[in-house]
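**Q** My questions all concern the structure below.
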Amino acid sequence: MGLENSFSNPWITTKVDSLVAWGRKYALWPLPFGTACCAVEFMGVVGPRYDISRFGAELVRFSPRQADMLLVMGTITQKMAPILRQVYDQMPNPKWVISMGACASSGGFYDNYSVVQGIDEIVPVDIYVAGCPPRPENVIGAVYKLQNKISHEKVADWG
Ligand code: SF4
């Protein structure tokens with residue numbers, strides 16, 4: 001978007017893609033899929049100290065039909081994998097996924113037959129957050145990176 005004129009004659013020109021992406025990136029509705037300790041760290045992210053509402057992502061939803069940003073936090077076992085996929089499928093488009101922490105991103109230190117070795121085997125991941133657990137600043141950084149990604153997406157991409 002570009003401001004094309006002064007305040008004495010205010011008007012702007014932009015593309016529909018840019019305008020919609022701008023609205024989308026500042027109105028993310030998170031769905032926490034927390035299974036372990038990383039989920040506790042997420043409580044700090046949405047608390048007043050870190051204040052994720054500065055980024056327009058404070059409306060935590062517990063229904064996939066009302067959310068567009070899935071945050072997977074913690075160990076995902078093979079038995080949970082179909083449930084995670086079902087939750088993802090229930091979210092309307094457009095939707096994005098953040099994998100928070102070592103366990104969600106790679107299985108962490110649970111390198112065994114019962115644990116999914118990275119949720120990208122189950123759902124497409126947009127942003128990975130390193131750490132065990134990641135600090136709230138890292139999660140906020142991930143939201144910021146996701147916003148940048150969204151601002152380059154087009155309405156046609158969102159199906
Ligand atoms: S990455 Fe670390 S803090 Fe997060 S769920 Fe796994 S063990 Fe817990």
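Ordering of the structure tokens sets the chain letters (A, B, ...); residue numbers start at 1 within each chain; ligands are numbered from 1 in the order shown.
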Return as a list in words the residues of protein, DNA or RNA that approach ligand 1 to within 7 Å, with only C-alpha atoms and all ligand atoms taken into account.

**A** Ala36, Cys37, Cys38, Met73, Gly74, Thr75, Gly101, Ala102, Cys103, Ala104, Gly108, Gly131, Cys132 and Pro133 of chain A

**Q** Could you write out that same residue set with N, CA and C atoms as an mmCIF file, in the first residue's frame?

**A**
```
data_model
loop_
_atom_site.group_PDB
_atom_site.id
_atom_site.type_symbol
_atom_site.label_atom_id
_atom_site.label_comp_id
_atom_site.auth_asym_id
_atom_site.auth_seq_id
_atom_site.Cartn_x
_atom_site.Cartn_y
_atom_site.Cartn_z
ATOM 1 N N ALA A 36 2.010 -30.413 25.972
ATOM 2 C CA ALA A 36 3.065 -30.568 26.975
ATOM 3 C C ALA A 36 3.566 -29.200 27.415
ATOM 4 N N CYS A 37 4.785 -29.169 27.927
ATOM 5 C CA CYS A 37 5.294 -27.985 28.613
ATOM 6 C C CYS A 37 5.313 -26.723 27.758
ATOM 7 N N CYS A 38 5.492 -26.828 26.461
ATOM 8 C CA CYS A 38 5.499 -25.634 25.603
ATOM 9 C C CYS A 38 4.186 -24.874 25.731
ATOM 10 N N MET A 73 2.044 -27.175 20.174
ATOM 11 C CA MET A 73 3.004 -26.980 21.272
ATOM 12 C C MET A 73 3.118 -28.273 22.053
ATOM 13 N N GLY A 74 4.222 -28.963 21.900
ATOM 14 C CA GLY A 74 4.432 -30.159 22.685
ATOM 15 C C GLY A 74 4.560 -31.412 21.836
ATOM 16 N N THR A 75 4.731 -32.506 22.541
ATOM 17 C CA THR A 75 4.925 -33.801 21.896
ATOM 18 C C THR A 75 3.639 -34.260 21.217
ATOM 19 N N GLY A 101 8.567 -25.248 19.446
ATOM 20 C CA GLY A 101 9.422 -26.079 20.273
ATOM 21 C C GLY A 101 9.970 -27.306 19.570
ATOM 22 N N ALA A 102 10.974 -27.889 20.213
ATOM 23 C CA ALA A 102 11.692 -29.024 19.629
ATOM 24 C C ALA A 102 10.790 -30.236 19.443
ATOM 25 N N CYS A 103 9.919 -30.494 20.400
ATOM 26 C CA CYS A 103 9.090 -31.709 20.312
ATOM 27 C C CYS A 103 8.151 -31.645 19.110
ATOM 28 N N ALA A 104 7.461 -30.520 18.947
ATOM 29 C CA ALA A 104 6.529 -30.410 17.825
ATOM 30 C C ALA A 104 7.279 -30.419 16.490
ATOM 31 N N GLY A 108 11.788 -33.839 19.288
ATOM 32 C CA GLY A 108 12.628 -33.520 20.444
ATOM 33 C C GLY A 108 13.461 -34.716 20.868
ATOM 34 N N GLY A 131 13.677 -24.162 20.346
ATOM 35 C CA GLY A 131 13.750 -24.009 21.792
ATOM 36 C C GLY A 131 13.053 -25.128 22.533
ATOM 37 N N CYS A 132 13.425 -25.247 23.804
ATOM 38 C CA CYS A 132 12.840 -26.292 24.660
ATOM 39 C C CYS A 132 12.722 -25.762 26.083
ATOM 40 N N PRO A 133 11.713 -24.998 26.387
ATOM 41 C CA PRO A 133 10.732 -24.443 25.462
ATOM 42 C C PRO A 133 11.256 -23.145 24.842
#
```

**Q** Using 7 Å as the limit and counting only C-alpha atoms, can you tabulate each residue of range 73-134 of chain A that touches range 52-66 of chain A, with its shortest atom-to-atom distance in Å and the two atoms involved, as CSV?

**A**
```
residue,atom,partner,partner_atom,distance
A:Val87,CA,A:Pro64,CA,6.0
A:Gln90,CA,A:Pro64,CA,5.7
A:Met91,CA,A:Pro64,CA,4.8
A:Pro92,CA,A:Arg65,CA,6.1
```

**Q** For the residues in the current selection, export C-alpha atoms as a tab-separated table (two decimals), in the first residue's frame.

**A**
```
chain	number	residue	atom	x	y	z
A	87	VAL	CA	-8.36	-30.17	13.73
A	90	GLN	CA	-11.65	-28.19	10.28
A	91	MET	CA	-10.03	-24.76	10.13
A	92	PRO	CA	-11.32	-22.59	7.30
```

**Q** Return the single residue from A:Trp22, A:Trp11, A:Tyr144, A:Tyr88 that is closest to Ile119 in chain A, with distances computed using only C-alpha atoms.

**A**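 Among the listed residues, A:Tyr88 lies closest to Ile119 in chain A.
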
**Q** What lies within 10 Å of Gly44 in chain A using only C-alpha atoms, ignoring chain neighbours under 5 positions off, as a JSON list (two decimals) with C-alpha atoms, in the first residue's frame?

**A**
```
[["chain", "number", "residue", "atom", "x", "y", "z"],
["A", 39, "ALA", "CA", 1.80, -24.94, 26.11],
["A", 49, "ARG", "CA", 3.72, -8.96, 30.11],
["A", 50, "TYR", "CA", 4.32, -9.94, 26.50],
["A", 51, "ASP", "CA", 0.96, -8.69, 25.24],
["A", 52, "ILE", "CA", 0.53, -10.43, 21.92],
["A", 135, "ARG", "CA", 10.90, -18.10, 25.09],
["A", 136, "PRO", "CA", 7.83, -15.90, 24.60],
["A", 137, "GLU", "CA", 9.96, -13.50, 22.57]]
```

**Q** Ranking A:Asp17, A:Glu41, A:Glu121, A:Asp126 by minimum distance to Gln78 in chain A and counting only C-alpha atoms, which one comes first?

**A**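 Using only C-alpha atoms, the shortest distance to Gln78 in chain A belongs to A:Glu121.
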
**Q** Taking only chain A into account, list the residues labelled alpha helix (DSSP H) by DSSP (computed from the backbone), as an NGL selection string.

**A** :A and (16-25 or 37-46 or 81-90 or 102-106 or 136-151)

**Q** Give me, please, the distance in Å between CA of Ile122 in chain A and CA of Pro32 in chain A, quoted to one decimal.

**A**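 CA of Ile122 in chain A sits 16.2 Å away from CA of Pro32 in chain A.
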
**Q** Give the strand (DSSP E) residues of range 32-97 of chain A, as assigned by DSSP on the backbone, as a list in words.

**A**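 Secondary structure check on range 32-97 of chain A, strand (DSSP E): Pro32, Phe33, Gly34, Met69, Leu70, Leu71, Val72, Met73, Trp96 and Val97 of chain A.
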
**Q** Could the residues in this selection be saved with C-alpha atoms as a compact mmCIF listing (two decimals), in the first residue's frame?

**A**
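Done, and the output landed in part03.txt:
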```
# COMPACT_ATOMS: atom_id res chain seq x y z
CA PRO A 32 -3.52 -23.60 20.70
CA PHE A 33 -2.94 -27.33 20.27
CA GLY A 34 -0.97 -27.86 23.46
CA MET A 69 -3.38 -19.74 13.15
CA LEU A 70 -2.72 -23.20 14.58
CA LEU A 71 0.03 -23.33 17.20
CA VAL A 72 1.21 -26.85 17.93
CA MET A 73 3.00 -26.98 21.27
CA TRP A 96 -1.34 -21.07 8.93
CA VAL A 97 0.62 -23.34 11.27
```
